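Have a look at the structure below before the remarks.
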Amino acid sequence: MDAAAVRARIAATLSADINVRRAAELELKQAEGHPGFIDVLLDVLTTEADDSVRLSSVIYLKNRTNRGWSKSDHYPDEPLIAEDEKQRFRERVLPILTASRGPVRQQLLQLIQRILHFDFPRKWPSFMDATLQLLHANDPPSVLAGLQCLLVTCRAYRFKPQEDVRGDFEKIVEATFPRLQQVCNELVNQESDEAGEMLHIALKAYKHTIWLELSPYLRQHDVNIGWCTIFLQTVSKKMPASAMSEDLDERETNHWWKAKKWAYFNLNRLWIRHGNYTGAASKNDDMSRYSKEFESTIAPEILKHYLQEIEKWVSKTSWLSKPCLSYTLIFLDECCRPKSMWNLMQPHLTNLVTHLIFPVMCLSREDVEKFEDEPEEYLHRKLNFYEEVSAPDVAATNFLVTLTKTRRKQTFEILQFVNSVVNEYEQAPDDKKNHIAKEGALRMIATLAPVLLGKKSPVADQIEYFLVRYVFPDFKSPLGYLRARACDTIEKFEQLNFKDQSNLLLVYRHILDCMADTDLPVRVTAALALQPLIRHDAIRISMQQSIPTIMQQLLKLANECDIDALANVMEDFVEVFAAELTPFAVALSEQLRDTYLRIISELLAKTNGRDDDDFGDYMDDKSITALGVLQTIGTLILTLESTPDVLLHIEAVLTPVIQVTLENRLYDLYNEVFEIIDSCTFAAKSISPTMWQAFELMHGTFKSGAELYFEDMLPALDNFVQYGAGQLIQKPEYVQALYGMVQDMFQDQKVGDVDRICACKLAEAMMLSLRGHIDQSVTGFITTAMTVLTGQEIRVKSYKIHLMEMVINAIYYNPLLTLAVLENKGWTNKFFSLWFSNMDHFTRVHDKKLCIVAIVTLLSLSADQIPASVSVGWPRLLQGITGLFKTLPAALKNREEALKEDFTYDSNEYGYEDEDEWADEDTNWAVEEGTEGEQGDARDESTAYLEFLNEEAAKFSQIENQHDDDSDDELGEDSVSLESPLNKVEPYQLFRTVLMSEPPY
């Protein structure tokens, strides 16, 4: 197909006639894999004038290169692009890029960035020469193309393994950044939209360059000063009129405001990751020099400029975008710890709290409108604040937390401010009350709840009075957002132990009233506030009578809005009030099922039209909410173990839940669905026809590519084997399905040793529960295990032991069959040598009992049944079993202790640890400034966390090394091991019986 034909068909894909469109798309799809298709598309882009045809052409080009440039698991059947065709593409694409505009150029840049990932610099060394040529051009369009090429290069290197490419990238920085700095110095003083776009791209390129490391070139004194000057000039720049649209959303997307955002970001990144000496990511000599210099000279300048911009914002002589406000607050947050910066910021603290932190934490007009018109959107914004990385109110909240953790004395100043606001509100006439200010003040004090209730807090005993006086009245406020804030404040002060029980009961009644509120956000915040109240005995007793009604309200709420936190509340209530909810369990499970099916229906509708291969990677709020509903169902099932009739009914109710999840390949929800199947079969201790249908669905899911979820499936599969043994004996096709799953796990190259250990466990369960009925499968298990044990080096000792245990289980299942298979393959001596030389590594109770019963079984054989290859060593069986009996008591003790650790009742389940995580033992609230560290620097918890991660990484590395050298990888006592028929075996009595019989040798 030549360029003219391809051009005609691409034009046809834009036709209004659906039949014409489909025919053209089909022909193009068939042409995609043909050699030269990329050349033809480039010809179309070179000659085509129509923008819509050019855009469609570049999308076809992008699809072809995405799928065929390199081998991909997502597109295994896609023919790869020939090397000569790739070379022609690399030669032709940059001139096309320079001549393109708008969306076509953006699509080409994405395409180029992907190819750079595979080809640069080795296969495309000319790309950087072309980029430099564009950067040094005299015409703005070429310079813009050069900036965009540099940006995609920096992006490509940001995600490459640093040790592989650091040297190459530093050369690129040295070659391009002197010119980039010159360009930025010119752009920052201009006013045009084109200059704003170019500056935006340049500063974004710098951002990607310093993301992880700061190159030696950029650390040079003059270079660093030059770049920081550009950033500060951008921060302080008065925005041109064209950047000040009346529409605030449109204003934030303007290139000039994006340039300002990246200027703030880069200054923050330099300070937080590289320039703050106490928290700097690297501590080598050069970086230490850089960070000390940055902290002493540049950081104070940044603070000065930021404070000037805040003054303009406060006086309303200048506007700041949300990202600019957020980055300002993030910088101030990082200034709380180092003494040098704290001393500069502290004199401004009162003004900052009063005129920046407080206004930003108050509800905006947009928030109030969302509360009234889009309540679900309001809730997502307020409850999922951790996702709002550029939200100023979140940054302000974080600043307050850091301030009160590191400079505790300042907490009093904030409390005084909050008191002044709430007192003024209380004293003002009704028509003069500032409701927004009151809401903001309560949000501020709720943010500080953990500090205020800390064990060294001097105001902890005043909190109850504050709540009664200033928060309780807002439960009856005519304004919904104040009622919601009252509920939220109570939730945040969940650690409070009320001295006056009548106040506690009054809180409970207020929260119950709010759960029936007319406003959705009030009902949701009330539900979340109710959850921590159940730690109080008085509340739990009161709730017992009304828990069915409360659960109905929670389910109704869950259907009104997809808030995953509500599922956590329901799960808690189901667990705590199991006895009270049992009579309503079926109705409750039906409602939970309906809620889940509704969410999944909406999820599937939302993803309609997506590529099936991508669907498993899709995760959003609805998936998270659905996850919570499944967890609640699982908890409900576990409470019904003593009511098998109810459980049978619930199994039928939940079948659509299992079916819709597995048939639609909702991978994110697999674990919870398999847990539900596990819970149903374990609680019933039998397998109903409904659950056998679930087994068929699980098997179909496994065979359709879900091998990596085998570990999640195993507990349920073990139940099917153990509790369904009688039915399995009558259903050979089910036994074959289970056997096939084990074999698939050993043949699939995608799975690792942990997954294969799970396959060993399933094989073991089958041999223990189906003794005498699966000889053919057992032969296969022996062959599989011994093929691995004799054919490859096994680095992970636990995997090696589980493979041996497959054979040991086979001996216990049928010793004559097992010995025959081993003899036939010449494995007998090899296996016994392996088993007895590793006997000390069988450390768990289960391992020891399995070895004992297998040896007892062997000792029961007559002399003529013992293979000649091992008959000489047969007396060693007695030595082995003697050692096992000696070590069995210690193993039993270890298991008992492990079980105690698992099931020890946590007296703080609804309470809090005694340790005050906000206060050090040797400090108090009134600590004098300058004594909070050796240098007056507050403890940098982020640095401490990094050190902790490094220690954990070292430990993990040590463990990995142990695996690699086949040393001390013992199986710890598996306190959550699967149930086993061996648990009922009494090994001492079994051995005694054998000894009392006539010796076979």
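Scheme for the structure tokens: letters A, B, ... for chains in order shown; per-chain residue numbers from 1; ligand numbers from 1 in order shown.
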_For the structure I just gave you, how does DSSP split range 87-326 of chain A - specifically, which residues are helix (DSSP H, G or I)? Reply as a ChimeraX atom specification._
/A:87-99,102-119,126-135,140-158,162-187,193-209,216-219,221-236,241-243,248-252,255-275,285-314,322-326
*Write out as a ChimeraX atom specification the residues lying within 12 Å of Gly780 in chain A, counting only C-alpha atoms and excluding same-chain residues fewer than 6 positions away.*
/A:736,739-740,742-743,746,763,767,774,786-787,806-807,810,817-818,821-822
Next, the residues of the selection above should be written as a PDB file, in the first residue's frame with N, CA and C atoms.
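As a result, result19.pdb now contains:
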ATOM      1  N   GLN A 736      -8.056 -34.561  38.441  1.00  0.00           N
ATOM      2  CA  GLN A 736      -7.178 -34.265  37.310  1.00  0.00           C
ATOM      3  C   GLN A 736      -6.941 -32.755  37.180  1.00  0.00           C
ATOM      4  N   TYR A 739      -4.405 -31.861  39.858  1.00  0.00           N
ATOM      5  CA  TYR A 739      -3.093 -32.368  39.453  1.00  0.00           C
ATOM      6  C   TYR A 739      -2.502 -31.488  38.338  1.00  0.00           C
ATOM      7  N   GLY A 740      -3.338 -31.105  37.398  1.00  0.00           N
ATOM      8  CA  GLY A 740      -2.883 -30.258  36.290  1.00  0.00           C
ATOM      9  C   GLY A 740      -2.379 -28.901  36.775  1.00  0.00           C
ATOM     10  N   VAL A 742      -0.920 -28.287  39.649  1.00  0.00           N
ATOM     11  CA  VAL A 742       0.421 -28.493  40.219  1.00  0.00           C
ATOM     12  C   VAL A 742       1.444 -28.590  39.087  1.00  0.00           C
ATOM     13  N   GLN A 743       1.143 -29.385  38.070  1.00  0.00           N
ATOM     14  CA  GLN A 743       2.097 -29.562  36.970  1.00  0.00           C
ATOM     15  C   GLN A 743       2.335 -28.250  36.216  1.00  0.00           C
ATOM     16  N   PHE A 746       4.935 -26.010  37.724  1.00  0.00           N
ATOM     17  CA  PHE A 746       6.336 -26.387  37.522  1.00  0.00           C
ATOM     18  C   PHE A 746       6.790 -26.162  36.077  1.00  0.00           C
ATOM     19  N   ALA A 763       0.050 -30.459  46.291  1.00  0.00           N
ATOM     20  CA  ALA A 763       0.324 -31.891  46.062  1.00  0.00           C
ATOM     21  C   ALA A 763       0.297 -32.658  47.381  1.00  0.00           C
ATOM     22  N   MET A 767      -2.151 -35.831  48.570  1.00  0.00           N
ATOM     23  CA  MET A 767      -1.648 -37.141  49.004  1.00  0.00           C
ATOM     24  C   MET A 767      -2.107 -37.486  50.420  1.00  0.00           C
ATOM     25  N   ILE A 774      -5.314 -41.831  44.349  1.00  0.00           N
ATOM     26  CA  ILE A 774      -4.710 -40.991  43.296  1.00  0.00           C
ATOM     27  C   ILE A 774      -3.311 -41.505  42.937  1.00  0.00           C
ATOM     28  N   MET A 786      11.530 -35.087  41.881  1.00  0.00           N
ATOM     29  CA  MET A 786      12.872 -35.627  41.703  1.00  0.00           C
ATOM     30  C   MET A 786      13.555 -35.052  40.460  1.00  0.00           C
ATOM     31  N   THR A 787      12.797 -34.736  39.438  1.00  0.00           N
ATOM     32  CA  THR A 787      13.384 -34.104  38.244  1.00  0.00           C
ATOM     33  C   THR A 787      14.026 -32.769  38.618  1.00  0.00           C
ATOM     34  N   MET A 806       7.400 -33.593  49.002  1.00  0.00           N
ATOM     35  CA  MET A 806       6.489 -34.215  48.034  1.00  0.00           C
ATOM     36  C   MET A 806       6.762 -35.715  47.963  1.00  0.00           C
ATOM     37  N   VAL A 807       8.034 -36.086  47.956  1.00  0.00           N
ATOM     38  CA  VAL A 807       8.397 -37.510  47.877  1.00  0.00           C
ATOM     39  C   VAL A 807       8.119 -38.201  49.209  1.00  0.00           C
ATOM     40  N   ALA A 810       4.657 -38.978  49.420  1.00  0.00           N
ATOM     41  CA  ALA A 810       4.344 -40.120  48.553  1.00  0.00           C
ATOM     42  C   ALA A 810       4.688 -41.432  49.267  1.00  0.00           C
ATOM     43  N   LEU A 817       4.661 -48.148  46.050  1.00  0.00           N
ATOM     44  CA  LEU A 817       4.522 -47.392  44.798  1.00  0.00           C
ATOM     45  C   LEU A 817       5.689 -46.412  44.656  1.00  0.00           C
ATOM     46  N   THR A 818       5.974 -45.699  45.741  1.00  0.00           N
ATOM     47  CA  THR A 818       7.017 -44.682  45.697  1.00  0.00           C
ATOM     48  C   THR A 818       8.385 -45.301  45.443  1.00  0.00           C
ATOM     49  N   VAL A 821       8.755 -46.287  41.802  1.00  0.00           N
ATOM     50  CA  VAL A 821       9.032 -45.171  40.896  1.00  0.00           C
ATOM     51  C   VAL A 821      10.486 -44.733  41.041  1.00  0.00           C
ATOM     52  N   LEU A 822      10.953 -44.613  42.277  1.00  0.00           N
ATOM     53  CA  LEU A 822      12.332 -44.186  42.513  1.00  0.00           C
ATOM     54  C   LEU A 822      13.324 -45.187  41.920  1.00  0.00           C
TER      55      LEU A 822
END
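Of note, CA of Thr690 in chain A and CA of Tyr709 in chain A are spaced 21.9 Å apart.
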*asked:* When you count only C-alpha atoms, which of these residues is closest to Gln346 in chain A: A:Glu590, A:Asp393, A:Glu413, A:Asp43?
replied: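 Between A:Glu590, A:Asp393, A:Glu413, A:Asp43, the residue approaching Gln346 in chain A most closely is A:Glu413.
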Each range 300-376 of chain A residue no farther than 8 Å from range 439-458 of chain A, nearest pair in Å, only C-alpha atoms, as a tab-separated table:
residue	atom	partner	partner_atom	distance
A:Phe358	CA	A:Gly440	CA	6.8
A:Pro359	CA	A:Gly440	CA	7.7
A:Met361	CA	A:Gly440	CA	5.8
A:Cys362	CA	A:Gly440	CA	4.2
A:Leu363	CA	A:Gly440	CA	6.8
*Tell me, as an MDAnalysis selection string, which residues lie within 7 Å of range 596-605 of chain A, counting only C-alpha atoms; anything in the same chain fewer than 6 positions away does not count.*
chainID A and resid 622 626 629 657
Could the residues in this selection be saved with C-alpha atoms as a PDB file, in the first residue's frame?
ATOM      1  CA  LYS A 622     -14.533   2.038  42.653  1.00  0.00           C
ATOM      2  CA  ALA A 626     -15.338  -2.927  45.988  1.00  0.00           C
ATOM      3  CA  VAL A 629     -17.053  -4.603  50.483  1.00  0.00           C
ATOM      4  CA  VAL A 657     -19.917 -11.999  43.424  1.00  0.00           C
TER       5      VAL A 657
END
*Quick one: pull the distance between CA of Asn809 in chain A and CA of Gly772 in chain A, Å, one decimal.*
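Interatomic distance here is 12.5 Å.
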_Which residues are near range 580-582 of chain A? Cut-off 8 Å, only C-alpha atoms, ignore same chain within fewer than 2 positions. Put them as a PyMOL selection string._
chain A and resi 544+547-548+574+577-578+584-585+639-640
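You will find CA of Met128 in chain A at 18.0 Å from CA of Lys204 in chain A.
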_Among listed residues A:Glu191, A:Ala205, A:Ile677, A:Leu403, nearest Ala241 in chain A (using only C-alpha atoms)_ = A:Glu191
*asked:* Residues near Thr625 in chain A, anyone? I mean within 9 Å using only C-alpha atoms, not counting same-chain ones fewer than 6 positions away, as a ChimeraX atom specification.
replied: /A:558,562-567,596,599
Would you put the residues from that selection into a file with C-alpha atoms, as an mmCIF file, in the first residue's frame?
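Below is the file part.cif, written as the result:
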data_model
loop_
_atom_site.group_PDB
_atom_site.id
_atom_site.type_symbol
_atom_site.label_atom_id
_atom_site.label_comp_id
_atom_site.auth_asym_id
_atom_site.auth_seq_id
_atom_site.Cartn_x
_atom_site.Cartn_y
_atom_site.Cartn_z
ATOM 1 C CA ALA A 558 -22.184 2.694 50.649
ATOM 2 C CA ASP A 562 -18.144 4.935 46.778
ATOM 3 C CA ILE A 563 -16.086 5.770 49.872
ATOM 4 C CA ASP A 564 -13.812 2.860 50.736
ATOM 5 C CA ALA A 565 -13.501 4.005 54.374
ATOM 6 C CA LEU A 566 -17.181 3.041 54.879
ATOM 7 C CA ALA A 567 -16.335 -0.584 54.119
ATOM 8 C CA TYR A 596 -20.689 -4.993 45.151
ATOM 9 C CA ILE A 599 -19.983 -1.028 41.887
#
*Leaving out Leu789 in chain A and any residue of its chain fewer than 4 positions from it, which residues lie within 10 Å of it when counting only C-alpha atoms, given as a PyMOL selection string?*
chain A and resi 783-785+793-794+799-801+803-804+830-831+834
Preceding selection exported with N, CA and C atoms as a tab-separated table (two decimals), in the first residue's frame:
chain	number	residue	atom	x	y	z
A	783	THR	N	7.85	-37.85	40.21
A	783	THR	CA	8.67	-37.57	39.03
A	783	THR	C	9.00	-36.08	38.95
A	784	THR	N	7.99	-35.25	39.18
A	784	THR	CA	8.20	-33.80	39.13
A	784	THR	C	9.22	-33.35	40.16
A	785	ALA	N	9.03	-33.79	41.40
A	785	ALA	CA	9.93	-33.36	42.48
A	785	ALA	C	11.36	-33.83	42.23
A	793	GLU	N	20.40	-26.76	40.41
A	793	GLU	CA	20.81	-26.30	41.72
A	793	GLU	C	19.67	-25.48	42.33
A	794	ILE	N	19.30	-25.82	43.55
A	794	ILE	CA	18.20	-25.12	44.23
A	794	ILE	C	18.81	-24.23	45.31
A	799	TYR	N	12.45	-24.21	49.47
A	799	TYR	CA	11.92	-24.83	48.26
A	799	TYR	C	12.41	-26.27	48.15
A	800	LYS	N	13.70	-26.47	48.46
A	800	LYS	CA	14.30	-27.81	48.41
A	800	LYS	C	13.59	-28.75	49.37
A	801	ILE	N	13.29	-28.26	50.57
A	801	ILE	CA	12.63	-29.10	51.58
A	801	ILE	C	11.22	-29.46	51.14
A	803	LEU	N	10.15	-29.73	48.10
A	803	LEU	CA	10.26	-30.74	47.04
A	803	LEU	C	10.50	-32.12	47.64
A	804	MET	N	11.42	-32.21	48.62
A	804	MET	CA	11.66	-33.50	49.28
A	804	MET	C	10.38	-33.98	49.96
A	830	LYS	N	19.79	-41.74	45.71
A	830	LYS	CA	19.94	-40.28	45.66
A	830	LYS	C	18.95	-39.61	46.62
A	831	PHE	N	17.71	-40.08	46.59
A	831	PHE	CA	16.70	-39.44	47.44
A	831	PHE	C	16.98	-39.68	48.93
A	834	LEU	N	19.79	-37.63	50.16
A	834	LEU	CA	19.38	-36.22	50.24
A	834	LEU	C	18.51	-35.99	51.48
